[in-house]
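A.B. asks: Pasting a structure here, questions to come.
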Amino acid sequence: MPSRASGCHPHRTVRRLAANYSCVDTELIDALVAMAIDRSRGWWDEYRGELPNSFLDLAELEHHCTYRLDVEFLHVPGLFQTEDYARAVFSYRVPELPDADLERRVRHRMARKVIIEDPAPVPYEAVIHEAALRIRVGDRTATRAQLTRILELSQADHITARVIPFDLDGFAGATNSMMYVGGVVPKLDTAVRDGPHGAGFIDSEAQLGAFRTLFRKVEAASLDPERSRDFIHKLAKEL
């Protein structure tokens with residue numbers, strides 16, 4: 001994007017491009033203009049050159065989001081993870097990470113929690129399968145601490161945690177982990193899927209519609225928030 005020094009202003013460039021492409025969606029154009037004007041460095045910039053670009057892209061995407069939805073089947077969602085849990089997840093990577101790189105990834109993951117721990121947090125809902133809650137990514141103590149942390153966070157008004165138990169009949173969606181990030185306007189929504197070579201960012205309207213439908217189906221199959229907290233509390237007491 002041209003710098004201010006060159007005499008070009010970001011908002012003019014965005015509006016000119018919108019006109020060239022015959023875009024008349026004023027809400028979308030205004031949102032893009034606001035993002036173009038906001039050129040301040042984010043906290044994630046300190047990791048530039050030290051972490052894969054997908055880590056930085058995700059943090060920036062979350063910075064601009066208006067809500068977050070997660071569905072997880074094998075791991076506790078990243079925004080819920082404790083340091084010990086995140087460290088255990090990254091330690092399992094092949095090839096193994098040098099200690100400094102591993103700790104850098106843990107710090108980055110902890111910093112991403114700003115969107116739900118900030119004084120003006122975004123609404124966040126996570127649906128977690130019982131498998132993710134029972135798998136001991138770390139040791140028994142770390143697992144108990146992780147479950148306790150989910151319970152603590154789920155007490156906040158803007159956070160909802162739901163559980164899908166093993167004994168649910170007729171549930172065939174156990175391979176559809178997903179992250180859905182709400183944009184300032186719906187056309188800026190983004191779905192994120194993990195792949196063998198890193199995170200994939202999806203923004204086509206057809207695919208986003210499919211992800212929203214998937215989330216509603218999984219949400220409908222899960223326990224309500226109160227029963228989910230009781231379920232997690234019971235699992236923690238078993239450890």
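How things are named: the first chain in the structure tokens is A, the next is B, and so on; residues count from 1 in each chain; ligands count from 1 in the order shown.
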Which residues, written as a PDB file with C-alpha atoms, in the first residue's frame, have at least one atom at most 10 Å from A:Thr175, with only C-alpha atoms counted and residues fewer than 6 positions away on the same chain left out?

C.D. replies:
ATOM      1  CA  VAL A  71     -15.109 -26.322  17.547  1.00  0.00           C
ATOM      2  CA  GLU A  72     -12.394 -28.688  18.819  1.00  0.00           C
ATOM      3  CA  PHE A  73     -12.274 -32.468  19.102  1.00  0.00           C
ATOM      4  CA  LEU A  74      -8.710 -33.395  20.080  1.00  0.00           C
TER       5      LEU A  74
END

A.B. asks: For stretch 76-85 of chain A, find every residue with an atom within 9 Å (counting only C-alpha atoms), except residues of its own chain fewer than 5 positions away, and show them as a short mmCIF file (atom, residue, chain, number, x, y, z; two decimals) with N, CA and C atoms, in the first residue's frame.

C.D. replies:
data_model
loop_
_atom_site.label_atom_id
_atom_site.label_comp_id
_atom_site.auth_asym_id
_atom_site.auth_seq_id
_atom_site.Cartn_x
_atom_site.Cartn_y
_atom_site.Cartn_z
N ASP A 70 -15.32 -21.49 18.09
CA ASP A 70 -14.39 -22.61 17.92
C ASP A 70 -15.12 -23.93 18.09
N VAL A 71 -14.69 -24.94 17.34
CA VAL A 71 -15.11 -26.32 17.55
C VAL A 71 -13.84 -27.15 17.59
N PHE A 90 3.08 -27.85 21.72
CA PHE A 90 4.19 -27.48 20.82
C PHE A 90 5.39 -28.42 20.98
N VAL A 106 4.72 -20.39 22.68
CA VAL A 106 3.87 -20.38 23.88
C VAL A 106 3.51 -18.95 24.25
N ARG A 107 4.48 -18.05 24.24
CA ARG A 107 4.22 -16.65 24.59
C ARG A 107 3.23 -16.02 23.62
N ARG A 109 0.93 -17.59 21.87
CA ARG A 109 -0.41 -18.13 22.11
C ARG A 109 -1.04 -17.49 23.33
N MET A 110 -0.27 -17.27 24.38
CA MET A 110 -0.81 -16.63 25.57
C MET A 110 -1.22 -15.18 25.28
N ARG A 112 -2.35 -13.98 22.53
CA ARG A 112 -3.57 -13.94 21.72
C ARG A 112 -4.84 -13.86 22.59
N LYS A 113 -4.72 -14.23 23.85
CA LYS A 113 -5.89 -14.22 24.73
C LYS A 113 -6.40 -12.82 25.02
N ILE A 115 -7.93 -10.88 23.28
CA ILE A 115 -9.25 -10.59 22.72
C ILE A 115 -10.39 -11.02 23.65
N ILE A 116 -10.11 -11.96 24.58
CA ILE A 116 -11.15 -12.36 25.52
C ILE A 116 -10.86 -11.90 26.95
N ALA A 126 -16.98 -21.64 22.48
CA ALA A 126 -16.20 -22.82 22.10
C ALA A 126 -16.99 -24.08 22.41
N VAL A 127 -17.04 -24.99 21.43
CA VAL A 127 -17.66 -26.29 21.61
C VAL A 127 -16.51 -27.31 21.62
N ILE A 128 -16.40 -28.06 22.71
CA ILE A 128 -15.25 -28.95 22.90
C ILE A 128 -15.75 -30.38 23.11
N HIS A 129 -15.18 -31.30 22.37
CA HIS A 129 -15.56 -32.70 22.55
C HIS A 129 -14.92 -33.25 23.82
N ALA A 132 -11.18 -34.16 23.81
CA ALA A 132 -10.17 -33.12 24.02
C ALA A 132 -9.98 -32.83 25.51
N LEU A 133 -11.04 -32.98 26.29
CA LEU A 133 -10.95 -32.72 27.72
C LEU A 133 -10.28 -33.86 28.47
N VAL A 137 -2.73 -34.14 27.51
CA VAL A 137 -1.66 -33.57 26.69
C VAL A 137 -0.41 -33.38 27.54
N GLY A 138 -0.60 -32.98 28.79
CA GLY A 138 0.49 -32.92 29.75
C GLY A 138 0.30 -34.00 30.80
N ALA A 142 -1.24 -30.91 35.17
CA ALA A 142 -1.46 -29.92 34.12
C ALA A 142 -2.86 -30.06 33.53
N THR A 143 -3.35 -31.29 33.41
CA THR A 143 -4.68 -31.52 32.86
C THR A 143 -5.74 -30.96 33.79
N ALA A 145 -5.34 -28.54 35.95
CA ALA A 145 -5.23 -27.08 35.89
C ALA A 145 -5.89 -26.54 34.62
N GLN A 146 -5.78 -27.29 33.53
CA GLN A 146 -6.39 -26.85 32.29
C GLN A 146 -7.92 -26.88 32.38
N ARG A 149 -9.06 -24.01 34.46
CA ARG A 149 -8.96 -22.74 33.74
C ARG A 149 -10.16 -22.53 32.82
N ILE A 150 -10.62 -23.59 32.16
CA ILE A 150 -11.81 -23.48 31.32
C ILE A 150 -13.01 -23.08 32.16
N LEU A 153 -12.76 -19.33 33.07
CA LEU A 153 -13.05 -18.45 31.95
C LEU A 153 -14.52 -18.47 31.56
#

A.B. asks: By how many Å are atom CA of A:Leu102 and atom CA of A:Pro52 apart?

C.D. replies: 12.5 Å

A.B. asks: When DSSP is applied to the backbone of this structure, which of chain A are assigned alpha helix (DSSP H)? Write them out as a ChimeraX atom specification.

C.D. replies: /A:10-20,26-37,53-63,83-91,99-111,114-117,130-134,140-153,205-221,225-238

A.B. asks: Give the strand (DSSP E) residues of stretch 52-157 of chain A, as assigned by DSSP on the backbone, as number ranges by chain.

C.D. replies: A: 67-72, 124-129

A.B. asks: Compile the contact shell of stretch 181-185 of chain A as an MDAnalysis selection string: residues with an atom at most 8 Å away, counting only C-alpha atoms, same-chain residues fewer than 2 positions apart removed.

C.D. replies: chainID A and resid 27:28 31 61:62 64:69 179 187:192

A.B. asks: Excluding stretch 218-234 of chain A and any residue of its chain fewer than 5 positions from it, enumerate the residues within 6 Å of it, using only C-alpha atoms, and give them as a VMD selection string.

C.D. replies: chain A and resid 161 to 164

A.B. asks: Please produce, as a Markdown table, a per-residue contact table for stretch 141-186 of chain A versus stretch 196-216 of chain A (criterion: any atom at most 10 Å away, only C-alpha atoms considered), showing the nearest atom pair and its distance in Å to one decimal, sorted by chain then residue number.

C.D. replies:
| residue | atom | partner | partner_atom | distance |
| --- | --- | --- | --- | --- |
| A:Gly173 | CA | A:Leu214 | CA | 8.5 |
| A:Asn176 | CA | A:Leu214 | CA | 8.2 |
| A:Ser177 | CA | A:Phe215 | CA | 9.6 |
| A:Met178 | CA | A:Phe211 | CA | 7.9 |
| A:Met179 | CA | A:Phe211 | CA | 9.0 |
| A:Tyr180 | CA | A:Phe211 | CA | 7.7 |
| A:Pro186 | CA | A:Glu205 | CA | 9.2 |

A.B. asks: For the atom pair atom CA of A:Gly170 and atom CA of A:Arg136, what is the interatomic distance in Å to one decimal place?

C.D. replies: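 Computing it gives 26.0 Å between the two atoms.
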
A.B. asks: What's around A:Glu46 at 12 Å? Count only C-alpha atoms, leave out sequence neighbours fewer than 6 positions away in its own chain, and write the answer as a ChimeraX atom specification.

C.D. replies: /A:55-56,59,104,107-108,111

A.B. asks: Please, could you write that set of residues out with C-alpha atoms as a PDB file, in the first residue's frame?

C.D. replies:
ATOM      1  CA  PHE A  55       0.810 -17.027  13.396  1.00  0.00           C
ATOM      2  CA  LEU A  56       0.991 -13.277  12.802  1.00  0.00           C
ATOM      3  CA  ALA A  59      -3.266 -12.624  15.638  1.00  0.00           C
ATOM      4  CA  ARG A 104       8.254 -18.049  21.659  1.00  0.00           C
ATOM      5  CA  ARG A 107       4.217 -16.648  24.594  1.00  0.00           C
ATOM      6  CA  HIS A 108       2.492 -15.802  21.326  1.00  0.00           C
ATOM      7  CA  ALA A 111      -0.727 -13.097  24.130  1.00  0.00           C
TER       8      ALA A 111
END

A.B. asks: Name the closest residue to A:Asp139 among the candidates A:Pro123, A:Glu96, A:Arg41, A:Val89; distances are taken between atoms, counting only C-alpha atoms.

C.D. replies: A:Val89

A.B. asks: Rounded to one decimal in Å, what is the spacing between atom CA of A:Glu238 and atom CA of A:Ile135?

C.D. replies: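 Rounded to one decimal, the two atoms are 13.1 Å apart.
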